[in-house]
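Q: Input query-v2.txt, format and content: compact mmCIF, C-alpha atoms and all ligand atoms.
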# COMPACT_ATOMS: atom_id res chain seq x y z
CA MET A 102 25.56 -53.95 -28.73
CA SER A 103 22.10 -52.68 -29.41
CA GLY A 104 20.85 -55.89 -27.82
CA ILE A 105 22.63 -55.05 -24.61
CA GLN A 106 21.24 -51.57 -24.60
CA LYS A 107 17.81 -52.87 -25.27
CA TYR A 108 17.63 -55.75 -22.85
CA GLY A 109 20.54 -55.36 -20.48
CA ARG A 110 19.22 -52.36 -18.63
CA ARG A 111 15.64 -51.61 -17.99
CA ARG A 112 14.78 -48.37 -19.64
CA VAL A 113 12.72 -46.11 -17.47
CA SER A 114 9.88 -44.51 -19.31
CA PRO A 115 8.76 -41.05 -18.31
CA ILE A 116 5.21 -42.12 -19.16
CA PHE A 117 4.77 -45.74 -18.15
CA LEU A 118 5.44 -47.39 -14.86
CA ASP A 119 4.54 -50.81 -16.23
CA GLU A 120 2.90 -50.99 -19.62
CA PHE A 121 2.31 -54.73 -19.31
CA ILE A 122 -0.61 -53.88 -17.00
CA LEU A 123 -2.46 -52.66 -20.11
CA PHE A 124 -1.72 -55.71 -22.26
CA PRO A 125 -4.41 -58.27 -23.17
CA ASP A 126 -2.48 -61.12 -21.50
CA TYR A 127 -2.50 -59.43 -18.14
CA THR A 128 -5.28 -60.76 -15.94
CA PRO A 129 -6.25 -58.14 -13.38
CA LEU A 130 -7.13 -59.02 -9.82
CA ARG A 131 -10.43 -57.20 -9.93
CA LEU A 132 -13.02 -57.07 -12.67
CA PRO A 133 -15.24 -54.04 -12.07
CA HIS A 134 -18.78 -54.46 -13.45
CA ARG A 135 -18.47 -58.20 -13.83
CA GLU A 136 -19.42 -59.07 -10.27
CA SER A 137 -22.74 -60.65 -11.20
CA GLN A 138 -21.31 -62.68 -14.09
CA LEU A 139 -18.53 -63.95 -11.85
CA LYS A 140 -21.04 -64.90 -9.19
CA SER A 141 -23.21 -66.81 -11.68
CA VAL A 142 -20.28 -68.75 -13.09
CA LEU A 143 -19.12 -69.62 -9.59
CA SER A 144 -22.58 -70.85 -8.70
CA TYR A 145 -22.45 -73.38 -11.53
CA ILE A 146 -18.98 -74.76 -10.89
CA ALA A 147 -18.20 -74.31 -7.19
CA GLU A 148 -19.91 -77.37 -5.81
CA PHE A 149 -18.45 -79.61 -8.46
CA ALA A 150 -14.92 -78.33 -7.81
CA ALA A 151 -15.26 -78.99 -4.10
CA SER A 152 -17.00 -82.36 -4.19
CA GLY A 153 -16.78 -83.80 -7.71
CA LYS A 154 -20.57 -84.02 -7.61
CA ALA A 155 -23.30 -82.09 -9.34
CA SER A 156 -21.22 -81.40 -12.41
CA GLN A 157 -22.71 -78.66 -14.52
CA HIS A 158 -21.74 -76.88 -17.69
CA VAL A 159 -22.02 -73.19 -18.30
CA VAL A 160 -21.95 -71.02 -21.40
CA LEU A 161 -20.43 -67.54 -21.32
CA TYR A 162 -21.39 -65.42 -24.29
CA GLY A 163 -20.94 -61.87 -25.46
CA ARG A 164 -18.99 -59.70 -27.85
CA VAL A 165 -15.25 -59.33 -28.01
CA GLY A 166 -13.64 -57.54 -25.09
CA THR A 167 -16.49 -57.98 -22.64
CA GLY A 168 -14.45 -59.91 -20.08
CA LYS A 169 -15.48 -63.49 -20.87
CA THR A 170 -11.99 -64.96 -20.93
CA ALA A 171 -11.01 -63.05 -17.81
CA VAL A 172 -14.10 -64.19 -15.89
CA SER A 173 -13.71 -67.80 -17.02
CA LYS A 174 -10.10 -67.95 -15.81
CA ILE A 175 -10.66 -66.09 -12.58
CA SER A 176 -13.70 -68.15 -11.62
CA ALA A 177 -11.90 -71.41 -12.33
CA LYS A 178 -8.88 -70.29 -10.30
CA MET A 179 -11.11 -69.26 -7.43
CA VAL A 180 -12.98 -72.55 -7.13
CA VAL A 181 -9.77 -74.55 -7.49
CA GLN A 182 -8.17 -72.61 -4.65
CA ARG A 183 -11.22 -72.93 -2.46
CA ALA A 184 -11.41 -76.66 -3.13
CA LYS A 185 -7.79 -77.02 -2.02
CA ARG A 186 -8.76 -75.71 1.39
CA THR A 187 -11.06 -78.68 1.85
CA ARG A 188 -8.39 -80.96 0.44
CA ALA A 189 -10.36 -81.69 -2.67
CA ASN A 190 -8.20 -82.01 -5.75
CA ALA A 191 -9.73 -79.65 -8.26
CA GLY A 192 -8.03 -78.45 -11.38
CA PHE A 193 -8.79 -76.60 -14.55
CA ALA A 194 -7.72 -76.91 -18.14
CA PHE A 195 -7.86 -73.83 -20.33
CA VAL A 196 -7.92 -74.40 -24.08
CA ASN A 197 -8.14 -71.66 -26.65
CA CYS A 198 -10.01 -73.16 -29.60
CA HIS A 199 -8.92 -70.37 -31.89
CA ARG A 200 -5.44 -71.80 -31.58
CA VAL A 201 -6.39 -75.46 -31.33
CA ARG A 202 -9.37 -76.33 -33.48
CA THR A 203 -9.39 -80.09 -33.78
CA VAL A 204 -10.77 -82.69 -31.42
CA HIS A 205 -7.35 -84.29 -31.30
CA GLY A 206 -5.70 -80.97 -30.51
CA VAL A 207 -8.09 -80.05 -27.72
CA LEU A 208 -7.93 -83.48 -26.08
CA SER A 209 -4.13 -83.43 -26.32
CA GLU A 210 -4.01 -80.08 -24.56
CA ILE A 211 -6.20 -81.35 -21.75
CA ALA A 212 -4.12 -84.53 -21.45
CA LYS A 213 -0.91 -82.48 -21.29
CA ILE A 214 -2.27 -80.26 -18.56
CA LEU A 215 -3.05 -83.36 -16.50
CA SER A 216 0.17 -85.13 -17.38
CA PRO A 217 2.81 -82.80 -18.83
CA PHE A 218 5.09 -85.44 -20.35
CA VAL A 219 2.45 -87.48 -22.11
CA VAL A 220 2.92 -87.99 -25.84
CA THR A 221 -0.36 -87.86 -27.75
CA LYS A 222 1.00 -87.58 -31.25
CA GLY A 223 -0.32 -90.43 -33.35
CA LEU A 224 -2.78 -91.61 -30.71
CA PRO A 225 -6.42 -91.89 -31.76
CA THR A 226 -8.73 -89.48 -29.96
CA SER A 227 -10.50 -92.29 -28.13
CA GLU A 228 -7.22 -93.28 -26.49
CA ILE A 229 -6.46 -89.72 -25.46
CA ALA A 230 -9.92 -89.52 -23.89
CA GLN A 231 -9.20 -92.75 -22.00
CA LEU A 232 -5.92 -91.35 -20.86
CA ILE A 233 -7.65 -88.25 -19.53
CA GLY A 234 -10.24 -90.42 -17.78
CA SER A 235 -7.66 -92.59 -16.08
CA LYS A 236 -5.63 -89.57 -14.98
CA LEU A 237 -8.73 -88.06 -13.43
CA VAL A 238 -9.62 -91.27 -11.62
CA GLU A 239 -6.06 -91.86 -10.48
CA GLY A 240 -5.61 -88.37 -9.07
CA LYS A 241 -9.26 -87.97 -8.00
CA VAL A 242 -9.27 -84.72 -9.92
CA ASN A 243 -12.41 -82.63 -10.30
CA LEU A 244 -11.65 -81.10 -13.65
CA ILE A 245 -13.13 -77.92 -15.00
CA THR A 246 -12.42 -77.51 -18.69
CA ILE A 247 -12.62 -74.08 -20.26
CA LEU A 248 -13.08 -74.11 -24.02
CA ASP A 249 -12.48 -70.50 -24.96
CA GLU A 250 -13.61 -69.25 -28.37
CA VAL A 251 -15.46 -72.51 -28.80
CA ASP A 252 -17.06 -71.14 -32.00
CA TYR A 253 -13.89 -72.06 -33.91
CA LEU A 254 -13.97 -75.63 -32.70
CA LEU A 255 -17.60 -76.00 -33.78
CA GLU A 256 -16.88 -74.48 -37.16
CA SER A 257 -14.07 -76.85 -37.95
CA SER A 258 -15.02 -80.00 -36.06
CA GLY A 259 -18.73 -79.88 -35.19
CA ASP A 260 -19.94 -80.74 -31.73
CA GLU A 261 -18.48 -84.24 -31.54
CA LEU A 262 -16.05 -83.26 -28.80
CA LEU A 263 -18.67 -81.47 -26.73
CA TYR A 264 -20.79 -84.57 -27.04
CA SER A 265 -18.03 -86.78 -25.63
CA LEU A 266 -17.07 -84.39 -22.87
CA THR A 267 -20.64 -83.92 -21.72
CA ARG A 268 -21.02 -87.72 -21.72
CA PHE A 269 -17.79 -88.27 -19.81
CA ASN A 270 -19.65 -89.38 -16.70
CA GLU A 271 -21.04 -92.39 -18.57
CA PHE A 272 -17.55 -93.82 -18.83
CA TYR A 273 -16.10 -92.35 -15.69
CA PRO A 274 -19.10 -92.01 -13.36
CA SER A 275 -16.92 -90.93 -10.46
CA ARG A 276 -15.10 -88.26 -12.48
CA PRO A 277 -17.33 -86.23 -14.72
CA ILE A 278 -16.04 -83.06 -16.35
CA SER A 279 -17.53 -79.64 -15.90
CA LEU A 280 -17.33 -77.44 -18.99
CA ILE A 281 -17.10 -73.68 -19.31
CA LEU A 282 -17.86 -72.83 -22.92
CA VAL A 283 -16.96 -69.33 -24.06
CA SER A 284 -18.51 -68.01 -27.24
CA ARG A 285 -18.83 -64.77 -29.16
CA SER A 286 -22.57 -65.24 -29.47
CA LEU A 287 -25.35 -67.38 -28.20
CA ASN A 288 -26.06 -68.41 -31.81
CA PHE A 289 -23.51 -71.14 -31.44
CA THR A 290 -26.03 -73.28 -29.59
CA ASP A 291 -28.02 -73.44 -32.86
CA ARG A 292 -25.24 -75.57 -34.23
CA LEU A 293 -25.35 -78.07 -31.40
CA THR A 294 -27.24 -81.31 -31.56
CA ASP A 295 -30.21 -81.48 -29.22
CA SER A 296 -28.54 -83.89 -26.86
CA VAL A 297 -25.59 -81.59 -26.29
CA ARG A 298 -27.80 -78.54 -25.99
CA SER A 299 -29.93 -80.21 -23.36
CA THR A 300 -26.91 -80.93 -21.16
CA LEU A 301 -26.18 -77.21 -21.11
CA LYS A 302 -29.63 -76.68 -19.60
CA LYS A 303 -30.10 -72.96 -19.60
CA ASN A 304 -26.85 -72.21 -17.88
CA TYR A 305 -26.11 -69.14 -19.94
CA VAL A 306 -24.29 -66.10 -18.64
CA GLU A 307 -24.48 -63.00 -20.78
CA PHE A 308 -21.68 -60.45 -21.09
CA PRO A 309 -23.22 -57.24 -22.38
CA PRO A 310 -21.00 -54.55 -23.92
CA TYR A 311 -19.60 -52.06 -21.41
CA THR A 312 -20.94 -48.54 -21.25
CA ALA A 313 -18.57 -45.57 -21.39
CA ALA A 314 -18.88 -45.11 -17.64
CA GLN A 315 -18.04 -48.75 -16.99
CA LEU A 316 -15.04 -48.64 -19.31
CA LYS A 317 -13.85 -45.60 -17.44
CA ASP A 318 -13.93 -47.51 -14.15
CA ILE A 319 -12.03 -50.39 -15.73
CA LEU A 320 -9.31 -48.07 -17.03
CA LEU A 321 -9.07 -46.06 -13.82
CA ASP A 322 -8.58 -49.29 -11.94
CA ARG A 323 -5.30 -49.89 -13.79
CA LEU A 324 -4.07 -46.36 -14.21
CA GLU A 325 -1.95 -46.12 -11.09
CA GLU A 326 -0.05 -49.30 -11.75
CA ALA A 327 0.41 -48.71 -15.47
CA PHE A 328 1.44 -45.04 -15.61
CA GLN A 329 3.86 -42.77 -13.82
CA PRO A 330 2.12 -40.54 -11.30
CA ALA A 331 0.14 -37.65 -12.74
CA VAL A 332 1.16 -38.07 -16.38
CA VAL A 333 -2.28 -38.91 -17.72
CA GLU A 334 -4.20 -35.70 -18.23
CA GLU A 335 -7.62 -35.38 -16.76
CA ASP A 336 -9.86 -35.83 -19.80
CA VAL A 337 -7.87 -38.67 -21.32
CA VAL A 338 -9.53 -41.63 -19.62
CA GLY A 339 -13.01 -40.25 -20.25
CA PHE A 340 -12.21 -39.68 -23.90
CA VAL A 341 -10.76 -43.16 -24.38
CA SER A 342 -13.89 -44.62 -22.77
CA GLU A 343 -16.19 -42.62 -25.01
CA LEU A 344 -14.35 -43.72 -28.13
CA SER A 345 -14.47 -47.36 -27.04
CA ALA A 346 -18.07 -47.35 -25.86
CA GLN A 347 -19.56 -47.91 -29.27
CA GLU A 348 -18.16 -51.42 -29.13
CA GLY A 349 -18.25 -51.69 -25.36
CA ASP A 350 -14.93 -53.42 -25.77
CA ALA A 351 -12.51 -53.30 -22.83
CA ARG A 352 -9.68 -54.77 -24.86
CA PHE A 353 -9.98 -51.95 -27.37
CA ALA A 354 -10.14 -49.38 -24.57
CA LEU A 355 -7.01 -50.73 -22.89
CA GLU A 356 -5.14 -50.88 -26.17
CA LEU A 357 -6.19 -47.37 -27.03
CA LEU A 358 -4.98 -46.08 -23.67
CA TRP A 359 -1.69 -47.91 -24.11
CA LYS A 360 -1.19 -46.59 -27.63
CA SER A 361 -2.01 -43.08 -26.48
CA GLY A 362 0.76 -43.43 -23.93
CA LYS A 363 3.06 -44.64 -26.67
CA GLU A 364 2.22 -41.59 -28.80
CA ALA A 365 3.08 -39.37 -25.85
CA GLU A 366 6.31 -41.24 -25.24
CA GLN A 367 7.39 -40.97 -28.85
CA GLU A 368 6.70 -37.29 -28.91
CA LYS A 369 8.67 -36.89 -25.69
CA SER A 370 5.64 -35.23 -24.20
CA GLU A 371 5.59 -35.04 -20.42
CA THR A 372 1.95 -35.99 -20.24
CA VAL A 373 -0.60 -38.04 -22.16
CA LYS A 374 -3.03 -35.65 -23.82
CA VAL A 375 -6.37 -35.96 -25.58
CA GLU A 376 -4.51 -35.22 -28.79
CA HIS A 377 -2.45 -38.39 -28.34
CA VAL A 378 -5.65 -40.37 -27.92
CA ARG A 379 -6.96 -38.97 -31.19
CA ARG A 380 -3.85 -39.96 -33.04
CA ALA A 381 -3.73 -43.44 -31.51
CA PHE A 382 -7.40 -43.95 -32.26
CA SER A 383 -7.16 -43.11 -35.90
CA SER A 384 -4.09 -45.28 -36.38
CA MET A 385 -5.78 -48.23 -34.69
CA VAL A 386 -8.88 -48.01 -36.82
CA LYS A 387 -6.87 -47.50 -39.95
CA SER A 388 -4.69 -50.52 -39.39
CA LEU A 389 -7.73 -52.64 -38.64
CA ALA A 390 -9.50 -51.58 -41.79
CA LEU A 391 -6.37 -51.67 -43.90
CA GLU A 392 -5.74 -55.26 -43.03
CA ALA A 393 -9.18 -56.50 -43.89
CA LEU A 394 -10.72 -54.29 -46.56
CA PRO A 395 -8.37 -54.90 -49.50
CA ASN A 396 -9.08 -58.62 -49.29
CA LEU A 397 -12.85 -58.31 -49.56
CA GLY A 398 -14.78 -58.99 -52.73
CA ASP A 399 -16.56 -56.02 -54.29
CA HIS A 400 -19.97 -57.17 -53.15
CA GLU A 401 -18.79 -57.89 -49.63
CA LEU A 402 -17.45 -54.38 -49.54
CA ILE A 403 -20.72 -52.90 -50.74
CA LEU A 404 -22.63 -54.93 -48.21
CA LEU A 405 -20.32 -53.77 -45.45
CA TYR A 406 -20.89 -50.22 -46.60
CA SER A 407 -24.64 -50.68 -46.56
CA VAL A 408 -24.53 -51.92 -42.96
CA CYS A 409 -22.39 -48.91 -41.98
CA ARG A 410 -24.76 -46.53 -43.74
CA LYS A 411 -27.81 -47.98 -42.05
CA LEU A 412 -26.16 -47.93 -38.66
CA LYS A 413 -25.33 -44.30 -39.17
CA ASP A 414 -28.69 -43.23 -40.60
CA GLU A 415 -30.63 -44.82 -37.82
CA SER A 416 -27.98 -44.14 -35.21
CA SER A 417 -28.85 -47.46 -33.71
CA SER A 418 -26.56 -50.20 -32.54
CA TYR A 419 -28.05 -52.88 -34.80
CA VAL A 420 -29.65 -53.14 -38.23
CA THR A 421 -31.78 -56.04 -39.36
CA ILE A 422 -30.53 -58.14 -42.21
CA GLY A 423 -33.57 -57.10 -44.24
CA ASP A 424 -32.73 -53.41 -43.90
CA ALA A 425 -29.09 -54.03 -44.73
CA GLU A 426 -30.10 -55.98 -47.82
CA ARG A 427 -32.44 -53.26 -49.04
CA GLU A 428 -29.69 -50.70 -48.60
CA TYR A 429 -27.33 -53.02 -50.47
CA TYR A 430 -29.72 -53.18 -53.46
CA ARG A 431 -30.09 -49.42 -53.37
CA LEU A 432 -26.33 -48.93 -53.35
CA CYS A 433 -25.81 -51.44 -56.17
CA GLU A 434 -28.22 -49.40 -58.23
CA GLN A 435 -26.44 -46.20 -57.32
CA PHE A 436 -23.04 -47.68 -58.17
CA ASN A 437 -24.39 -49.26 -61.29
CA VAL A 438 -23.40 -52.81 -60.48
CA SER A 439 -25.75 -55.75 -60.73
CA PRO A 440 -26.69 -57.03 -57.29
CA ARG A 441 -26.22 -60.58 -56.11
CA ARG A 442 -29.11 -62.78 -55.07
CA HIS A 443 -30.48 -63.11 -51.56
CA THR A 444 -28.66 -66.33 -50.68
CA GLN A 445 -25.36 -64.85 -51.79
CA VAL A 446 -25.95 -61.72 -49.77
CA TRP A 447 -26.58 -63.93 -46.77
CA GLY A 448 -23.28 -65.68 -47.51
CA TYR A 449 -21.46 -62.32 -47.50
CA VAL A 450 -22.91 -61.53 -44.11
CA GLN A 451 -21.61 -64.86 -42.83
CA SER A 452 -18.15 -64.35 -44.26
CA LEU A 453 -17.89 -60.78 -42.94
CA ASN A 454 -18.96 -62.20 -39.62
CA SER A 455 -16.30 -64.87 -39.65
CA ILE A 456 -13.56 -62.37 -40.51
CA GLY A 457 -14.73 -60.38 -37.52
CA LEU A 458 -15.83 -57.23 -39.37
CA LEU A 459 -19.53 -57.76 -38.71
CA LEU A 460 -21.29 -59.32 -35.84
CA THR A 461 -24.61 -61.12 -36.24
CA GLN A 462 -27.10 -61.94 -33.58
CA ILE A 463 -30.37 -63.79 -33.92
CA SER A 464 -33.11 -62.02 -32.05
CA GLY A 465 -36.41 -63.56 -31.11
CA LYS A 466 -37.96 -60.18 -30.62
CA GLY A 467 -38.83 -59.44 -34.24
CA GLN A 468 -42.46 -59.03 -35.14
CA ARG A 469 -42.31 -62.04 -37.44
CA GLY A 470 -40.40 -64.52 -35.35
CA LYS A 471 -36.63 -64.68 -35.51
CA THR A 472 -34.65 -62.03 -37.28
CA THR A 473 -30.92 -61.56 -37.72
CA ASN A 474 -29.43 -58.36 -36.42
CA ILE A 475 -26.13 -57.09 -37.71
CA THR A 476 -23.65 -54.67 -36.27
CA LEU A 477 -20.10 -53.57 -36.84
CA SER A 478 -17.61 -55.45 -34.79
CA GLY A 479 -14.28 -54.38 -33.44
CA SER A 480 -14.11 -50.91 -34.91
CA PRO A 481 -15.88 -47.61 -34.49
CA LEU A 482 -18.34 -46.56 -37.16
CA GLU A 483 -17.21 -43.21 -38.50
CA PRO A 484 -13.60 -44.06 -39.32
CA MET A 485 -14.72 -47.38 -40.79
CA ILE A 486 -17.11 -45.57 -43.12
CA GLN A 487 -14.25 -43.42 -44.33
CA GLU A 488 -12.00 -46.40 -44.95
CA VAL A 489 -14.71 -48.29 -46.82
CA GLN A 490 -15.38 -45.24 -48.96
CA LYS A 491 -11.70 -44.97 -49.80
CA GLN A 492 -11.63 -48.61 -50.76
CA LEU A 493 -14.74 -48.24 -52.94
CA ARG A 494 -13.16 -45.31 -54.74
CA LYS A 495 -9.91 -47.13 -55.19
CA ARG A 496 -11.76 -49.88 -57.00
CA ARG A 497 -13.69 -47.33 -58.98
CA ILE A 498 -16.94 -48.79 -57.73
CA ALA A 499 -17.89 -45.38 -56.60
CA GLN A 500 -16.67 -42.05 -57.88
CA LYS A 501 -16.10 -39.29 -55.40
CA SER A 502 -19.43 -37.68 -56.20
CA GLY A 503 -21.25 -40.99 -55.89
CA ILE A 504 -20.65 -41.29 -52.21
CA SER A 505 -22.12 -39.30 -49.42
CA GLY A 506 -21.23 -39.82 -45.79
P1 LIG B 601 -13.35 -61.39 -24.12
O1 LIG B 601 -12.82 -62.74 -23.75
O2 LIG B 601 -14.80 -61.20 -23.80
O3 LIG B 601 -13.02 -60.97 -25.51
P2 LIG B 601 -11.38 -60.51 -22.23
O4 LIG B 601 -11.75 -61.24 -21.00
O5 LIG B 601 -10.22 -61.04 -23.00
O6 LIG B 601 -12.64 -60.33 -23.18
O7 LIG B 601 -11.11 -58.99 -21.87
C1 LIG B 601 -10.40 -58.14 -22.74
C2 LIG B 601 -9.42 -57.31 -21.96
O8 LIG B 601 -10.14 -56.40 -21.13
C3 LIG B 601 -8.55 -58.12 -21.03
O9 LIG B 601 -7.29 -57.49 -20.98
C4 LIG B 601 -9.25 -58.03 -19.69
O10 LIG B 601 -8.31 -58.10 -18.66
C5 LIG B 601 -9.90 -56.67 -19.75
N1 LIG B 601 -11.18 -56.62 -19.07
C6 LIG B 601 -12.37 -57.04 -19.55
N2 LIG B 601 -13.35 -56.83 -18.67
C7 LIG B 601 -12.77 -56.25 -17.59
C8 LIG B 601 -13.26 -55.77 -16.34
N3 LIG B 601 -14.55 -55.85 -16.02
N4 LIG B 601 -12.37 -55.23 -15.49
C9 LIG B 601 -11.06 -55.14 -15.80
N5 LIG B 601 -10.54 -55.56 -16.95
C10 LIG B 601 -11.38 -56.11 -17.85
MG MG B 602 -11.78 -64.00 -25.01
Just dump the structure as structure tokens.
A:
Amino acid sequence: MSGIQKYGRRRVSPIFLDEFILFPDYTPLRLPHRESQLKSVLSYIAEFAASGKASQHVVLYGRVGTGKTAVSKISAKMVVQRAKRTRANAGFAFVNCHRVRTVHGVLSEIAKILSPFVVTKGLPTSEIAQLIGSKLVEGKVNLITILDEVDYLLESSGDELLYSLTRFNEFYPSRPISLILVSRSLNFTDRLTDSVRSTLKKNYVEFPPYTAAQLKDILLDRLEEAFQPAVVEEDVVGFVSELSAQEGDARFALELLWKSGKEAEQEKSETVKVEHVRRAFSSMVKSLALEALPNLGDHELILLYSVCRKLKDESSSYVTIGDAEREYYRLCEQFNVSPRRHTQVWGYVQSLNSIGLLLTQISGKGQRGKTTNITLSGSPLEPMIQEVQKQLRKRRIAQKSGISG
């Protein structure tokens, strides 16, 4: 009965026209402020899609929510459509390496896109690669392969697959593959062997974080389709953009706007107000922190706290690993716990990075060569500080008096 009520009739929301427009899976038609990135990606793959010649690879890199996945999909779709007009048979295979992390898994996905009924289970990877090659030759397909979140593939399987895919033309000279590699940071090229790195040339396209003004444009672009007319109060979009600008994360901004609408809906409010944004914001940050923080080791937690403290003190967007480490030693002293050694601290940074709480970036701009910069990823600073403090108190690492904002 409740099922019928729920699914049988479409409930009309007084707030939303179509909330799906705000969901991460929705790919918008336009991508404001990504025109130049889109143009660059197209310049690397367009000729190949149309002619099968001049295959190139391109790396898209930048933080979470900066439009990498959206640009990779849209650019591939665009060149495939254009190629069709000249009767070239272009196609693209999109593989999310967060979901599929093995060489076998990725090759199987590509094979299935080319030939939906193929069974790859139990086949050695070399045979799947052959299968892909023969499908490409048979159908004269110019294939663009998008490996999204390629960091995960490298972490679990190394660059063996990239090596084979970039060498595809040696076995199938008439049907090379053009790769779009999408990564959270440019650091991932450090983990590539020289021969793979050299095939990427310097085809790197950077996706910088969005500013508040840019996020506002992105949200405004979807407002009309997502919400009922005139329900979103005037300051709401600006406020959502401001709150999301610290990360420059469009995914966060869209989710925050959606959750604000949900708050309004629940409260049976006729409009979405700034107050709803505040509530949605704090619940989002809380749930993010609540999921991750209890599982951290004490020293990871202290290190995370030291990064937060430094970011706040210097009100800058990055801290160097050296500064974070010094703050960590200072805090250990203050909390009366014995600090871990340098290599361990470095390990904590890596593990916090892989959980997605911190983001590291190697910069060449330091006075003494390369230095690692660290920032908070995926969550705004102030609420994170509060959650970390709560967690420290809970573990009795710090007493109430021992912590200052
Ligand atoms: P990334 O892959 O860099 O983490 P995504 O491409 O998944 O980021 O983008 C996150 C969300 O934000 C998606 O819902 C996407 O549609 C949206 N988005 C990102 N950039 C833009 C933009 N410039 N214009 C409109 N929507 C955007
Ligand atoms: Mg993505």
Q: Separation of CA of Ile475 in chain A and CA of Leu391 in chain A, in Å?
A: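 Taking CA of Ile475 in chain A as the start and CA of Leu391 in chain A as the end point, the length is 21.4 Å.
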Q: Taking into account only C-alpha atoms, which residue in the set A:Gln329, A:Ser342, A:Thr203, A:Gln492 is nearest to Asp119 in chain A?
A: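 Going through A:Gln329, A:Ser342, A:Thr203, A:Gln492 one by one, the smallest distance to Asp119 in chain A is for A:Gln329.
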Q: Kindly work out which residues sit at most 9 Å from ligand LIG 601 (chain B), using only C-alpha atoms and all ligand atoms, and give the list as a ChimeraX atom specification.
A: /A:122-136,161-174,249-250,283-285,308,311,315-316,318-320,322-323,350-356
Q: Those same residues - C-alpha atoms - I'd like them written as a compact mmCIF listing (two decimals), in the coordinates of the input.
A:
# COMPACT_ATOMS: atom_id res chain seq x y z
CA ILE A 122 -0.61 -53.88 -17.00
CA LEU A 123 -2.46 -52.66 -20.11
CA PHE A 124 -1.72 -55.71 -22.26
CA PRO A 125 -4.41 -58.27 -23.17
CA ASP A 126 -2.48 -61.12 -21.50
CA TYR A 127 -2.50 -59.43 -18.14
CA THR A 128 -5.28 -60.76 -15.94
CA PRO A 129 -6.25 -58.14 -13.38
CA LEU A 130 -7.13 -59.02 -9.82
CA ARG A 131 -10.43 -57.20 -9.93
CA LEU A 132 -13.02 -57.07 -12.67
CA PRO A 133 -15.24 -54.04 -12.07
CA HIS A 134 -18.78 -54.46 -13.45
CA ARG A 135 -18.47 -58.20 -13.83
CA GLU A 136 -19.42 -59.07 -10.27
CA LEU A 161 -20.43 -67.54 -21.32
CA TYR A 162 -21.39 -65.42 -24.29
CA GLY A 163 -20.94 -61.87 -25.46
CA ARG A 164 -18.99 -59.70 -27.85
CA VAL A 165 -15.25 -59.33 -28.01
CA GLY A 166 -13.64 -57.54 -25.09
CA THR A 167 -16.49 -57.98 -22.64
CA GLY A 168 -14.45 -59.91 -20.08
CA LYS A 169 -15.48 -63.49 -20.87
CA THR A 170 -11.99 -64.96 -20.93
CA ALA A 171 -11.01 -63.05 -17.81
CA VAL A 172 -14.10 -64.19 -15.89
CA SER A 173 -13.71 -67.80 -17.02
CA LYS A 174 -10.10 -67.95 -15.81
CA ASP A 249 -12.48 -70.50 -24.96
CA GLU A 250 -13.61 -69.25 -28.37
CA VAL A 283 -16.96 -69.33 -24.06
CA SER A 284 -18.51 -68.01 -27.24
CA ARG A 285 -18.83 -64.77 -29.16
CA PHE A 308 -21.68 -60.45 -21.09
CA TYR A 311 -19.60 -52.06 -21.41
CA GLN A 315 -18.04 -48.75 -16.99
CA LEU A 316 -15.04 -48.64 -19.31
CA ASP A 318 -13.93 -47.51 -14.15
CA ILE A 319 -12.03 -50.39 -15.73
CA LEU A 320 -9.31 -48.07 -17.03
CA ASP A 322 -8.58 -49.29 -11.94
CA ARG A 323 -5.30 -49.89 -13.79
CA ASP A 350 -14.93 -53.42 -25.77
CA ALA A 351 -12.51 -53.30 -22.83
CA ARG A 352 -9.68 -54.77 -24.86
CA PHE A 353 -9.98 -51.95 -27.37
CA ALA A 354 -10.14 -49.38 -24.57
CA LEU A 355 -7.01 -50.73 -22.89
CA GLU A 356 -5.14 -50.88 -26.17
Q: I'd like the interatomic distance between CA of Ile214 in chain A and CA of Ser296 in chain A, to a tenth of an Å.
A: 27.8 Å
Q: Which of these residues is nearest to Val375 in chain A, using all atoms listed in the file: A:Gly339, A:Gly423, A:Pro330, A:Pro395?
A: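 Closest to Val375 in chain A, using all atoms listed in the file: A:Gly339.
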Q: Between A:Ser275, A:Thr246, A:Ser286, A:Gln231, which has the minimum distance to ligand MG 602 (chain B) (counting all atoms listed in the file)?
A: A:Ser286
Q: Could you check which of A:Ile247, A:Val297, A:Val181, A:Ile211 is closest to ligand MG 602 (chain B), using only C-alpha atoms and all ligand atoms?
A: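 Selected residue with least distance to ligand MG 602 (chain B): A:Ile247.
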Q: Mind checking which residues fall within 9 Å of Gln347 in chain A, counting only C-alpha atoms, ignoring those fewer than 3 positions away in the same chain, and posting them as a CSV table (one decimal) with C-alpha atoms, in the coordinates of the input?
A:
chain,number,residue,atom,x,y,z
A,310,PRO,CA,-21.0,-54.6,-23.9
A,311,TYR,CA,-19.6,-52.1,-21.4
A,312,THR,CA,-20.9,-48.5,-21.2
A,313,ALA,CA,-18.6,-45.6,-21.4
A,343,GLU,CA,-16.2,-42.6,-25.0
A,344,LEU,CA,-14.4,-43.7,-28.1
A,350,ASP,CA,-14.9,-53.4,-25.8
A,418,SER,CA,-26.6,-50.2,-32.5
A,480,SER,CA,-14.1,-50.9,-34.9
A,481,PRO,CA,-15.9,-47.6,-34.5
A,482,LEU,CA,-18.3,-46.6,-37.2
Q: Record the distance separating CA of Asp291 in chain A and CA of Glu228 in chain A, expressed in Å with one decimal.
A: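 Going from CA of Asp291 in chain A over to CA of Glu228 in chain A, I get 29.4 Å.
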Q: Nearest to ligand MG 602 (chain B) among A:Ser407, A:Asn197, A:Thr294, A:Ser384, with distances taken over only C-alpha atoms and all ligand atoms: which residue is it?
A: A:Asn197
